[in-house]
>>> print(open('model_29.txt').read())   # compact mmCIF, C-alpha atoms
# COMPACT_ATOMS: atom_id res chain seq x y z
CA MET A 169 -55.97 -9.28 8.38
CA VAL A 170 -52.33 -9.94 7.43
CA ARG A 171 -51.50 -13.46 6.28
CA VAL A 172 -47.93 -14.65 6.91
CA VAL A 173 -45.68 -17.43 5.62
CA ILE A 174 -42.51 -18.26 7.59
CA LEU A 175 -39.35 -19.42 5.82
CA GLY A 176 -37.20 -21.30 8.34
CA GLN A 177 -39.13 -22.77 11.24
CA GLY A 178 -36.26 -22.58 13.73
CA TYR A 179 -36.08 -20.81 17.07
CA VAL A 180 -36.99 -17.32 15.77
CA GLY A 181 -39.82 -18.49 13.52
CA SER A 182 -41.22 -20.68 16.28
CA ILE A 183 -41.11 -18.01 19.00
CA PHE A 184 -42.69 -15.53 16.56
CA ALA A 185 -45.60 -17.88 15.81
CA LEU A 186 -45.97 -18.85 19.48
CA GLY A 187 -45.90 -15.26 20.74
CA VAL A 188 -48.46 -14.04 18.22
CA GLU A 189 -50.89 -16.80 19.16
CA ARG A 190 -50.37 -16.22 22.89
CA ILE A 191 -51.15 -12.51 22.40
CA LYS A 192 -54.28 -13.42 20.45
CA ASN A 193 -55.31 -15.71 23.33
CA GLY A 194 -54.82 -12.91 25.87
CA GLU A 195 -51.83 -14.64 27.51
CA LEU A 196 -49.24 -11.90 26.79
CA GLY A 197 -48.85 -8.15 26.69
CA TYR A 198 -46.94 -6.23 24.01
CA TYR A 199 -43.46 -5.96 25.55
CA GLY A 200 -40.69 -6.42 22.98
CA ILE A 201 -42.84 -5.08 20.12
CA PRO A 202 -41.70 -1.49 19.38
CA LEU A 203 -45.02 -0.27 17.96
CA GLU A 204 -47.10 -2.28 20.45
CA ASN A 205 -50.66 -2.27 19.10
CA ASP A 206 -50.56 1.32 17.78
CA LEU A 207 -50.91 0.43 14.09
CA PRO A 208 -54.29 0.19 12.34
CA ILE A 209 -53.44 -3.47 11.67
CA LYS A 210 -53.55 -5.10 15.09
CA ILE A 211 -51.41 -7.97 16.32
CA GLU A 212 -54.61 -9.96 16.65
CA ASP A 213 -55.00 -9.55 12.86
CA ILE A 214 -51.85 -11.61 12.13
CA GLU A 215 -52.55 -15.09 10.81
CA ILE A 216 -49.77 -17.64 10.23
CA VAL A 217 -50.89 -19.52 7.11
CA GLY A 218 -47.75 -21.37 6.04
CA SER A 219 -44.31 -22.54 7.09
CA TYR A 220 -41.26 -23.90 5.23
CA ASP A 221 -38.17 -25.70 6.46
CA VAL A 222 -35.48 -28.02 5.12
CA ASP A 223 -34.76 -30.01 8.29
CA LYS A 224 -35.97 -33.52 7.51
CA ASN A 225 -37.18 -33.84 11.10
CA LYS A 226 -39.48 -30.81 10.77
CA ILE A 227 -40.98 -31.22 7.29
CA ARG A 228 -44.59 -32.45 7.40
CA LYS A 229 -44.87 -31.73 11.13
CA SER A 230 -47.25 -29.16 12.59
CA LEU A 231 -45.96 -25.93 14.11
CA HIS A 232 -47.30 -27.23 17.42
CA GLU A 233 -44.98 -30.26 17.20
CA ILE A 234 -42.00 -28.18 16.07
CA ILE A 235 -42.43 -25.54 18.78
CA GLU A 236 -42.27 -28.28 21.42
CA ASN A 237 -38.52 -28.35 20.65
CA TYR A 238 -38.20 -24.72 21.78
CA TRP A 239 -40.91 -24.21 24.40
CA ASP A 240 -41.85 -26.47 27.31
CA ASP A 241 -44.99 -24.70 28.47
CA HIS A 242 -48.51 -24.45 27.06
CA ILE A 243 -48.63 -24.16 23.25
CA PRO A 244 -51.88 -22.87 21.65
CA ALA A 245 -53.77 -25.71 19.98
CA ASN A 246 -54.45 -23.81 16.74
CA LEU A 247 -50.75 -24.11 15.83
CA LYS A 248 -51.61 -27.73 14.98
CA ASN A 249 -53.35 -26.37 11.87
CA VAL A 250 -50.16 -25.23 10.09
CA VAL A 251 -47.77 -27.88 8.75
CA ALA A 252 -44.17 -27.20 7.70
CA ARG A 253 -43.64 -27.71 3.98
CA LYS A 254 -40.45 -28.56 2.15
CA GLY A 255 -38.39 -25.49 1.21
CA ILE A 256 -35.02 -24.85 -0.45
CA HIS A 257 -31.63 -25.24 1.22
CA LEU A 258 -28.88 -25.06 -1.46
CA GLY A 259 -26.34 -26.28 1.06
CA SER A 260 -27.30 -23.75 3.73
CA LEU A 261 -27.15 -26.44 6.44
CA ARG A 262 -23.75 -27.81 5.49
CA ASN A 263 -21.54 -28.73 8.47
CA LEU A 264 -24.56 -28.69 10.77
CA PRO A 265 -25.92 -31.81 12.51
CA ILE A 266 -29.13 -31.58 10.48
CA GLU A 267 -30.24 -33.76 7.59
CA ALA A 268 -31.38 -31.35 4.88
CA GLU A 269 -34.11 -32.08 2.39
CA GLY A 270 -35.21 -29.53 -0.22
CA LEU A 271 -37.29 -29.12 -3.34
CA GLU A 272 -34.11 -28.71 -5.40
CA ASP A 273 -33.19 -32.31 -4.52
CA GLU A 274 -36.14 -33.40 -6.66
CA MET A 275 -36.28 -30.83 -9.49
CA PRO A 276 -34.46 -27.91 -11.20
CA LEU A 277 -34.52 -24.56 -9.39
CA LYS A 278 -36.89 -23.06 -11.93
CA GLU A 279 -39.44 -25.79 -11.18
CA ALA A 280 -38.87 -25.39 -7.44
CA VAL A 281 -39.65 -21.68 -7.77
CA GLU A 282 -42.80 -22.48 -9.74
CA ARG A 283 -43.84 -24.94 -7.01
CA LEU A 284 -43.38 -22.28 -4.33
CA VAL A 285 -45.37 -19.70 -6.28
CA LYS A 286 -48.17 -22.21 -6.84
CA GLU A 287 -48.32 -23.07 -3.14
CA TRP A 288 -48.23 -19.42 -2.12
CA LYS A 289 -51.12 -18.65 -4.46
CA GLU A 290 -53.09 -21.27 -2.52
CA LEU A 291 -51.97 -19.97 0.89
CA LYS A 292 -52.45 -16.31 -0.14
CA PRO A 293 -49.81 -14.74 2.14
CA ASP A 294 -49.47 -10.97 2.29
CA VAL A 295 -46.02 -11.18 3.90
CA ILE A 296 -43.26 -13.78 3.56
CA VAL A 297 -40.79 -13.74 6.48
CA ASN A 298 -37.28 -15.09 5.92
CA VAL A 299 -35.56 -16.33 9.08
CA CYS A 300 -33.45 -19.07 7.53
CA THR A 301 -29.99 -20.00 8.78
CA THR A 302 -27.27 -17.39 8.06
CA GLU A 303 -25.72 -18.05 4.64
CA ALA A 304 -22.46 -17.38 2.83
CA PHE A 305 -23.54 -15.31 -0.16
CA LYS A 306 -22.49 -13.12 -3.05
CA PRO A 307 -24.81 -10.28 -4.14
CA PHE A 308 -25.93 -10.10 -7.77
CA ASN A 309 -26.29 -6.32 -8.37
CA ASN A 310 -27.53 -7.17 -11.88
CA LYS A 311 -31.09 -8.40 -12.44
CA LYS A 312 -30.24 -10.23 -15.69
CA GLU A 313 -27.53 -12.24 -13.93
CA LEU A 314 -29.97 -13.18 -11.18
CA ILE A 315 -32.59 -14.40 -13.64
CA ALA A 316 -29.95 -16.27 -15.66
CA ALA A 317 -28.73 -18.07 -12.52
CA ILE A 318 -32.27 -19.31 -11.85
CA GLU A 319 -32.92 -20.26 -15.46
CA ASN A 320 -29.58 -22.08 -15.80
CA ASP A 321 -29.93 -23.90 -12.46
CA ASN A 322 -26.69 -22.35 -11.21
CA ARG A 323 -26.74 -23.75 -7.68
CA GLU A 324 -23.21 -22.68 -6.87
CA ARG A 325 -24.13 -19.03 -7.42
CA LEU A 326 -27.41 -18.88 -5.51
CA THR A 327 -28.46 -19.11 -1.87
CA ALA A 328 -31.80 -20.23 -0.50
CA THR A 329 -32.70 -16.66 0.48
CA GLN A 330 -31.98 -15.34 -3.02
CA VAL A 331 -34.20 -18.02 -4.54
CA TYR A 332 -36.97 -17.34 -2.03
CA ALA A 333 -36.82 -13.58 -2.75
CA TYR A 334 -36.98 -14.26 -6.50
CA ALA A 335 -40.00 -16.54 -5.97
CA ALA A 336 -41.64 -13.85 -3.81
CA ALA A 337 -41.26 -11.35 -6.68
CA LEU A 338 -42.95 -13.74 -9.12
CA TYR A 339 -45.73 -14.40 -6.60
CA ALA A 340 -46.25 -10.67 -5.99
CA LYS A 341 -46.43 -10.01 -9.72
CA GLU A 342 -49.19 -12.60 -10.17
CA THR A 343 -51.22 -11.32 -7.22
CA ASN A 344 -52.05 -7.90 -5.81
CA GLY A 345 -48.62 -7.46 -4.25
CA ALA A 346 -46.70 -8.98 -1.36
CA ALA A 347 -43.91 -8.18 1.10
CA PHE A 348 -40.67 -10.04 1.79
CA VAL A 349 -39.03 -9.50 5.19
CA ASN A 350 -35.36 -10.49 5.08
CA ALA A 351 -34.23 -10.84 8.69
CA ILE A 352 -30.86 -12.48 7.91
CA PRO A 353 -27.58 -10.96 6.55
CA THR A 354 -27.91 -12.04 2.90
CA LEU A 355 -28.19 -8.81 0.88
CA ILE A 356 -31.66 -8.45 -0.63
CA ALA A 357 -32.77 -4.90 0.24
CA ASN A 358 -29.16 -3.83 -0.44
CA ASP A 359 -28.87 -5.69 -3.75
CA PRO A 360 -29.96 -3.49 -6.70
CA ALA A 361 -30.94 -6.62 -8.65
CA PHE A 362 -33.64 -7.52 -6.12
CA VAL A 363 -34.76 -3.94 -5.50
CA GLU A 364 -35.28 -3.40 -9.24
CA LEU A 365 -37.10 -6.71 -9.54
CA ALA A 366 -39.28 -5.83 -6.54
CA ARG A 367 -40.33 -2.48 -8.00
CA GLU A 368 -41.36 -4.16 -11.23
CA SER A 369 -43.19 -6.98 -9.47
CA ASN A 370 -45.31 -5.27 -6.79
CA LEU A 371 -43.03 -6.60 -4.04
CA VAL A 372 -42.05 -4.77 -0.85
CA ILE A 373 -38.66 -5.72 0.61
CA PHE A 374 -37.61 -5.04 4.19
CA GLY A 375 -33.97 -5.83 5.07
CA ASP A 376 -31.28 -6.70 5.71
CA ASP A 377 -30.58 -8.55 8.98
CA GLY A 378 -32.81 -7.76 11.94
CA ALA A 379 -31.19 -5.38 14.44
CA THR A 380 -31.48 -6.99 17.86
CA GLY A 381 -29.37 -7.32 20.96
CA ALA A 382 -25.87 -5.89 21.01
CA THR A 383 -25.82 -4.21 17.59
CA PRO A 384 -28.53 -1.56 18.10
CA PHE A 385 -27.21 -1.01 21.62
CA THR A 386 -23.72 -0.39 20.20
CA ALA A 387 -25.28 2.03 17.71
CA ASP A 388 -26.93 3.95 20.54
CA VAL A 389 -23.65 4.17 22.49
CA LEU A 390 -21.68 5.33 19.44
CA THR A 391 -24.32 7.96 18.71
CA HIS A 392 -24.06 9.20 22.30
CA LEU A 393 -20.27 9.55 21.96
CA ALA A 394 -20.47 11.19 18.53
CA GLN A 395 -23.01 13.77 19.75
CA ARG A 396 -20.62 14.76 22.53
CA ASN A 397 -17.66 14.93 20.12
CA ARG A 398 -15.66 12.21 21.80
CA TYR A 399 -13.16 10.43 19.60
CA VAL A 400 -13.62 6.67 19.60
CA LYS A 401 -10.24 4.92 19.55
CA ASP A 402 -11.38 1.31 19.32
CA ILE A 403 -14.38 -0.95 19.71
CA ALA A 404 -14.58 -4.60 20.68
CA GLN A 405 -18.01 -6.25 20.64
CA PHE A 406 -18.71 -9.95 20.52
CA ASN A 407 -21.47 -12.46 21.11
CA ILE A 408 -21.36 -16.11 22.12
CA GLY A 409 -24.48 -18.23 21.93
CA GLY A 410 -25.66 -21.82 21.99
CA ASN A 411 -28.46 -21.93 19.42
CA THR A 412 -28.33 -23.30 15.87
CA ASP A 413 -27.56 -19.94 14.31
CA PHE A 414 -24.43 -19.55 16.44
CA LEU A 415 -23.44 -23.08 15.49
CA ALA A 416 -23.85 -22.11 11.82
CA LEU A 417 -21.66 -19.06 12.40
CA THR A 418 -18.72 -21.27 13.29
CA ASP A 419 -18.45 -21.61 9.51
CA LYS A 420 -15.98 -18.91 8.38
CA GLU A 421 -17.93 -17.79 5.30
CA ARG A 422 -21.24 -17.52 7.16
CA ASN A 423 -19.51 -15.56 9.92
CA LYS A 424 -18.16 -13.06 7.38
CA SER A 425 -21.74 -12.38 6.24
CA LYS A 426 -22.81 -11.55 9.78
CA GLU A 427 -19.66 -9.57 10.55
CA PHE A 428 -20.30 -7.30 7.56
CA THR A 429 -23.79 -6.27 8.67
CA LYS A 430 -22.75 -5.83 12.31
CA SER A 431 -19.69 -3.69 11.44
CA SER A 432 -21.47 -1.40 8.97
CA ILE A 433 -22.65 0.89 11.79
CA VAL A 434 -19.21 2.23 12.77
CA LYS A 435 -18.36 4.63 9.93
CA ASP A 436 -22.03 5.46 9.30
CA LEU A 437 -22.55 6.75 12.84
CA LEU A 438 -19.13 8.17 13.75
CA GLY A 439 -18.33 9.75 10.39
CA TYR A 440 -14.94 8.00 10.39
CA ASP A 441 -13.72 4.44 10.64
CA THR A 442 -11.80 3.25 13.67
CA SER A 443 -10.23 0.03 14.86
CA HIS A 444 -13.04 -2.36 15.63
CA TYR A 445 -13.80 -6.02 16.18
CA ILE A 446 -17.54 -6.59 15.92
CA LYS A 447 -18.61 -10.12 15.16
CA PRO A 448 -20.19 -13.29 16.53
CA THR A 449 -17.25 -15.17 18.02
CA GLY A 450 -18.31 -18.52 19.28
CA PHE A 451 -20.72 -21.34 19.98
CA LEU A 452 -21.21 -22.72 23.48
CA GLU A 453 -24.16 -25.08 23.61
CA PRO A 454 -25.06 -24.66 27.32
CA LEU A 455 -25.80 -20.97 26.70
CA GLY A 456 -28.72 -21.99 24.50
CA ASP A 457 -30.68 -19.09 23.03
CA ARG A 458 -29.65 -16.73 25.86
CA LYS A 459 -26.45 -15.37 24.36
CA PHE A 460 -23.60 -13.65 26.17
CA ILE A 461 -22.61 -10.22 24.84
CA ALA A 462 -19.61 -8.09 25.75
CA MET A 463 -18.59 -4.63 24.63
CA HIS A 464 -15.50 -2.51 25.24
CA ILE A 465 -15.23 1.02 23.81
CA GLU A 466 -12.22 3.29 24.40
CA TYR A 467 -12.58 6.99 23.61
CA VAL A 468 -10.90 10.38 24.03
CA SER A 469 -12.67 13.15 25.93
CA PHE A 470 -11.77 16.78 26.83
CA ASN A 471 -8.13 17.63 27.56
CA GLY A 472 -7.05 14.28 26.11
CA ALA A 473 -8.64 12.20 28.86
CA VAL A 474 -9.08 8.57 27.78
CA ASP A 475 -12.21 6.85 29.10
CA GLU A 476 -13.65 3.42 28.45
CA LEU A 477 -16.98 1.65 28.64
CA ILE A 478 -17.22 -2.03 29.51
CA ILE A 479 -20.65 -3.63 29.13
CA ASN A 480 -21.69 -7.26 29.64
CA GLY A 481 -25.10 -8.82 29.21
CA ARG A 482 -27.18 -11.94 28.63
CA ILE A 483 -29.88 -11.56 25.98
CA ASN A 484 -32.55 -13.99 24.78
CA ASP A 485 -31.61 -13.98 21.11
CA SER A 486 -34.69 -15.25 19.28
CA PRO A 487 -37.44 -13.36 21.17
CA ALA A 488 -35.57 -10.10 20.50
CA LEU A 489 -35.94 -10.62 16.73
CA ALA A 490 -39.38 -12.24 16.90
CA GLY A 491 -40.80 -9.10 18.53
CA LEU A 492 -39.54 -6.97 15.64
CA LEU A 493 -41.17 -9.34 13.14
CA VAL A 494 -44.56 -8.61 14.71
CA ASP A 495 -44.13 -4.99 13.59
CA LEU A 496 -42.54 -5.79 10.24
CA VAL A 497 -45.34 -8.03 8.98
CA ARG A 498 -47.90 -5.32 9.78
CA LEU A 499 -45.78 -2.59 8.20
CA GLY A 500 -45.38 -4.83 5.16
CA LYS A 501 -49.14 -5.01 4.76
CA ILE A 502 -49.39 -1.23 5.08
CA ALA A 503 -46.72 -0.78 2.38
CA ILE A 504 -48.63 -3.12 0.04
CA GLU A 505 -51.84 -1.16 0.57
CA ARG A 506 -49.94 2.05 -0.26
CA LYS A 507 -48.30 0.38 -3.28
CA GLU A 508 -44.84 1.45 -2.08
CA PHE A 509 -42.95 -1.32 -3.83
CA GLY A 510 -39.18 -1.81 -3.77
CA THR A 511 -37.51 -1.24 -0.42
CA ILE A 512 -38.40 1.32 2.25
CA TYR A 513 -35.52 2.98 4.07
CA GLU A 514 -37.68 4.54 6.80
CA VAL A 515 -38.60 1.05 8.00
CA ASN A 516 -35.23 -0.58 7.38
CA ALA A 517 -33.23 2.11 9.20
CA PHE A 518 -34.86 1.25 12.52
CA TYR A 519 -35.33 -2.51 12.27
CA MET A 520 -32.25 -3.65 10.32
CA LYS A 521 -28.49 -3.85 10.96
CA ASN A 522 -27.75 -3.13 7.29
CA PRO A 523 -30.70 -1.02 6.08
CA GLY A 524 -31.41 -0.95 2.36
CA PRO A 525 -31.15 0.49 -0.21
CA GLN A 526 -27.35 0.32 -0.47
CA GLU A 527 -26.89 4.06 -1.03
CA ASN A 528 -28.27 4.71 2.48
CA GLY A 529 -26.41 3.90 5.69
CA ASN A 530 -27.13 3.60 9.38
CA ILE A 531 -28.40 6.64 11.25
CA PRO A 532 -28.87 7.13 15.02
CA ARG A 533 -31.63 4.80 16.16
CA ILE A 534 -33.63 7.57 17.85
CA ILE A 535 -33.84 9.41 14.51
CA ALA A 536 -34.63 6.18 12.69
CA HIS A 537 -37.38 5.47 15.21
CA GLU A 538 -39.05 8.82 14.58
CA LYS A 539 -38.75 8.48 10.78
CA MET A 540 -40.31 5.03 10.97
CA ARG A 541 -43.23 6.22 13.11
CA ILE A 542 -43.90 9.13 10.76
CA TRP A 543 -43.85 6.79 7.74
CA ALA A 544 -46.28 4.47 9.54
CA GLY A 545 -48.69 7.39 10.07
CA LEU A 546 -48.03 7.66 13.81
CA LYS A 547 -47.11 10.72 15.86
CA PRO A 548 -43.39 11.12 16.62
CA LYS A 549 -42.63 9.90 20.13
CA TRP A 550 -39.60 11.97 21.08
CA LEU A 551 -39.56 14.96 18.72
>>> encode(input="model_29.txt", output="structure tokens")
Amino acid sequence: MVRVVILGQGYVGSIFALGVERIKNGELGYYGIPLENDLPIKIEDIEIVGSYDVDKNKIRKSLHEIIENYWDDHIPANLKNVVARKGIHLGSLRNLPIEAEGLEDEMPLKEAVERLVKEWKELKPDVIVNVCTTEAFKPFNNKKELIAAIENDNRERLTATQVYAYAAALYAKETNGAAFVNAIPTLIANDPAFVELARESNLVIFGDDGATGATPFTADVLTHLAQRNRYVKDIAQFNIGGNTDFLALTDKERNKSKEFTKSSIVKDLLGYDTSHYIKPTGFLEPLGDRKFIAMHIEYVSFNGAVDELIINGRINDSPALAGLLVDLVRLGKIAIERKEFGTIYEVNAFYMKNPGPQENGNIPRIIAHEKMRIWAGLKPKWL
């Protein structure tokens, strides 16, 4: 059994919870889940035990009620048993048409962290999944500065994700270990302050920023070109979507956070930097969760020939990430059982846009896939 708490009960968190329960009820197969049911911990072993949000309209509502906002078909009745609790926002919903309500509105951050740890000790999660709204952030790099920011209630310095990760470390230290899956761009697995804290606290960190949609596809294309020694002249890749996360990315500082993780693949995979424009570029509400992606890559081939690739697509944004979370929560439980605390590159390299720790970069996804399977105790698939 792997017990899971969700931080951010938006589209991704809701589709994740819904999909897991539909699989358990025999309504779905395993498409969209890279490891299918190959792990010793089965998908049917996942139990959602807690949920946190800061949208005033979601707090104190059941997951069943919340998921009705995202899904208009049958919703498993047992999702009525989990109620969204009040989390931490630290301004993460600014400029969005959402009324935020957080624990820090009632108490200092240190007390809010203590409240979270107390609640988690009652819920007993093995894995805490962070799918909050994309934030503007500044990494700490220094553990003492991180702790001081919490102790001194420095709200201008901290983001919700950073506070959640700190609380997860305290919770893991007081229990037999836990895992924190950071599926958004805020640096946690790439921040030495959190990695050091995790190692000391029996916490596993997976991160940062789940690799779905256009980014891993771009990585595969760039790997293909690099292996054939074609020189990439320029890359343009953009996404436009209509969900809340794309609305949040209309904020310049939040967009910079996402742009950084999406652009990190270029030099890592090609071995050189080149002119590129890789970022979320717009919000168009009618698109909903099914985002539009476009890619244009110009490259030099033999005898100076210049070729180009033009790729367009429509991708359901949230299910793409939710399927990865099904693997990540099970791999988190495996890492806890092995006592491999800190961050684990073999997992991050396949599932994340910006895989931690910071001294490691992106590698071709086919290699990352094999490394991840070997770490998980599975036979390589393509080697």
>>> closest_residue(input="model_29.txt", among="A:Ala185, A:Leu175, A:Ile512, A:Leu203", to="Glu538 in chain A", atoms="all atoms listed in the file")
A:Leu203
>>> atom_distance(input="model_29.txt", atom1="CA of Ala336 in chain A", atom2="CA of Phe184 in chain A")
20.5 Å
>>> residues_around(input="model_29.txt", residues="Gln330 in chain A", least_positions_apart="4", cutoff="9 Å", atoms="all atoms listed in the file", output="MDAnalysis selection string")
chainID A and resid 305 307 314 326 334:335 354:356 362
>>> write_last_selection(input="model_29.txt", atoms="C-alpha atoms", output="mmCIF file, in the coordinates of the input")
data_model
loop_
_atom_site.group_PDB
_atom_site.id
_atom_site.type_symbol
_atom_site.label_atom_id
_atom_site.label_comp_id
_atom_site.auth_asym_id
_atom_site.auth_seq_id
_atom_site.Cartn_x
_atom_site.Cartn_y
_atom_site.Cartn_z
ATOM 1 C CA PHE A 305 -23.540 -15.310 -0.160
ATOM 2 C CA PRO A 307 -24.810 -10.280 -4.140
ATOM 3 C CA LEU A 314 -29.970 -13.180 -11.180
ATOM 4 C CA LEU A 326 -27.410 -18.880 -5.510
ATOM 5 C CA TYR A 334 -36.980 -14.260 -6.500
ATOM 6 C CA ALA A 335 -40.000 -16.540 -5.970
ATOM 7 C CA THR A 354 -27.910 -12.040 2.900
ATOM 8 C CA LEU A 355 -28.190 -8.810 0.880
ATOM 9 C CA ILE A 356 -31.660 -8.450 -0.630
ATOM 10 C CA PHE A 362 -33.640 -7.520 -6.120
#
>>> closest_residue(input="model_29.txt", among="A:Asn310, A:Ser219, A:Asn370, A:Ser260", to="Glu287 in chain A", atoms="all atoms listed in the file")
A:Ser219
>>> closest_residue(input="model_29.txt", among="A:Val217, A:Leu247, A:Ile534, A:Leu264", to="Ala387 in chain A", atoms="all atoms listed in the file")
A:Ile534
>>> build_atoms(input="model_29.txt", residues="range 387-405 of chain A", atoms="N, CA, C and O atoms", output="PDB file, keeping the file's coordinate frame")
ATOM      1  N   ALA A 387     -24.944   0.842  18.505  1.00  0.00           N
ATOM      2  CA  ALA A 387     -25.280   2.030  17.710  1.00  0.00           C
ATOM      3  C   ALA A 387     -25.700   3.182  18.597  1.00  0.00           C
ATOM      4  O   ALA A 387     -25.301   4.336  18.378  1.00  0.00           O
ATOM      5  N   ASP A 388     -26.492   2.901  19.616  1.00  0.00           N
ATOM      6  CA  ASP A 388     -26.930   3.950  20.540  1.00  0.00           C
ATOM      7  C   ASP A 388     -25.744   4.551  21.298  1.00  0.00           C
ATOM      8  O   ASP A 388     -25.658   5.769  21.493  1.00  0.00           O
ATOM      9  N   VAL A 389     -24.823   3.692  21.740  1.00  0.00           N
ATOM     10  CA  VAL A 389     -23.650   4.170  22.490  1.00  0.00           C
ATOM     11  C   VAL A 389     -22.759   5.021  21.595  1.00  0.00           C
ATOM     12  O   VAL A 389     -22.289   6.098  21.991  1.00  0.00           O
ATOM     13  N   LEU A 390     -22.523   4.564  20.361  1.00  0.00           N
ATOM     14  CA  LEU A 390     -21.680   5.330  19.440  1.00  0.00           C
ATOM     15  C   LEU A 390     -22.317   6.673  19.102  1.00  0.00           C
ATOM     16  O   LEU A 390     -21.616   7.691  18.989  1.00  0.00           O
ATOM     17  N   THR A 391     -23.630   6.701  18.952  1.00  0.00           N
ATOM     18  CA  THR A 391     -24.320   7.960  18.710  1.00  0.00           C
ATOM     19  C   THR A 391     -24.134   8.916  19.882  1.00  0.00           C
ATOM     20  O   THR A 391     -23.871  10.116  19.699  1.00  0.00           O
ATOM     21  N   HIS A 392     -24.269   8.402  21.079  1.00  0.00           N
ATOM     22  CA  HIS A 392     -24.060   9.200  22.300  1.00  0.00           C
ATOM     23  C   HIS A 392     -22.660   9.827  22.288  1.00  0.00           C
ATOM     24  O   HIS A 392     -22.504  11.031  22.560  1.00  0.00           O
ATOM     25  N   LEU A 393     -21.649   9.040  21.957  1.00  0.00           N
ATOM     26  CA  LEU A 393     -20.270   9.550  21.960  1.00  0.00           C
ATOM     27  C   LEU A 393     -20.058  10.559  20.840  1.00  0.00           C
ATOM     28  O   LEU A 393     -19.388  11.584  21.027  1.00  0.00           O
ATOM     29  N   ALA A 394     -20.636  10.283  19.661  1.00  0.00           N
ATOM     30  CA  ALA A 394     -20.470  11.190  18.530  1.00  0.00           C
ATOM     31  C   ALA A 394     -21.133  12.544  18.812  1.00  0.00           C
ATOM     32  O   ALA A 394     -20.587  13.603  18.475  1.00  0.00           O
ATOM     33  N   GLN A 395     -22.298  12.528  19.444  1.00  0.00           N
ATOM     34  CA  GLN A 395     -23.010  13.770  19.750  1.00  0.00           C
ATOM     35  C   GLN A 395     -22.242  14.642  20.736  1.00  0.00           C
ATOM     36  O   GLN A 395     -22.384  15.862  20.740  1.00  0.00           O
ATOM     37  N   ARG A 396     -21.412  14.020  21.549  1.00  0.00           N
ATOM     38  CA  ARG A 396     -20.620  14.760  22.530  1.00  0.00           C
ATOM     39  C   ARG A 396     -19.192  14.984  22.054  1.00  0.00           C
ATOM     40  O   ARG A 396     -18.330  15.393  22.813  1.00  0.00           O
ATOM     41  N   ASN A 397     -18.961  14.699  20.771  1.00  0.00           N
ATOM     42  CA  ASN A 397     -17.660  14.930  20.120  1.00  0.00           C
ATOM     43  C   ASN A 397     -16.517  14.256  20.862  1.00  0.00           C
ATOM     44  O   ASN A 397     -15.466  14.834  21.091  1.00  0.00           O
ATOM     45  N   ARG A 398     -16.738  13.017  21.227  1.00  0.00           N
ATOM     46  CA  ARG A 398     -15.660  12.210  21.800  1.00  0.00           C
ATOM     47  C   ARG A 398     -15.113  11.315  20.702  1.00  0.00           C
ATOM     48  O   ARG A 398     -15.871  10.744  19.920  1.00  0.00           O
ATOM     49  N   TYR A 399     -13.798  11.214  20.657  1.00  0.00           N
ATOM     50  CA  TYR A 399     -13.160  10.430  19.600  1.00  0.00           C
ATOM     51  C   TYR A 399     -13.028   8.971  20.036  1.00  0.00           C
ATOM     52  O   TYR A 399     -12.384   8.675  21.048  1.00  0.00           O
ATOM     53  N   VAL A 400     -13.657   8.100  19.283  1.00  0.00           N
ATOM     54  CA  VAL A 400     -13.620   6.670  19.600  1.00  0.00           C
ATOM     55  C   VAL A 400     -12.339   6.061  19.051  1.00  0.00           C
ATOM     56  O   VAL A 400     -12.080   6.090  17.850  1.00  0.00           O
ATOM     57  N   LYS A 401     -11.521   5.512  19.944  1.00  0.00           N
ATOM     58  CA  LYS A 401     -10.240   4.920  19.550  1.00  0.00           C
ATOM     59  C   LYS A 401     -10.393   3.486  19.056  1.00  0.00           C
ATOM     60  O   LYS A 401      -9.755   3.080  18.078  1.00  0.00           O
ATOM     61  N   ASP A 402     -11.221   2.713  19.719  1.00  0.00           N
ATOM     62  CA  ASP A 402     -11.380   1.310  19.320  1.00  0.00           C
ATOM     63  C   ASP A 402     -12.655   0.740  19.934  1.00  0.00           C
ATOM     64  O   ASP A 402     -13.161   1.235  20.950  1.00  0.00           O
ATOM     65  N   ILE A 403     -13.143  -0.297  19.277  1.00  0.00           N
ATOM     66  CA  ILE A 403     -14.380  -0.950  19.710  1.00  0.00           C
ATOM     67  C   ILE A 403     -14.185  -2.459  19.642  1.00  0.00           C
ATOM     68  O   ILE A 403     -13.729  -2.983  18.619  1.00  0.00           O
ATOM     69  N   ALA A 404     -14.523  -3.142  20.698  1.00  0.00           N
ATOM     70  CA  ALA A 404     -14.580  -4.600  20.680  1.00  0.00           C
ATOM     71  C   ALA A 404     -15.979  -5.011  21.128  1.00  0.00           C
ATOM     72  O   ALA A 404     -16.440  -4.584  22.191  1.00  0.00           O
ATOM     73  N   GLN A 405     -16.672  -5.776  20.278  1.00  0.00           N
ATOM     74  CA  GLN A 405     -18.010  -6.250  20.640  1.00  0.00           C
ATOM     75  C   GLN A 405     -18.173  -7.669  20.119  1.00  0.00           C
ATOM     76  O   GLN A 405     -17.898  -7.938  18.949  1.00  0.00           O
TER      77      GLN A 405
END
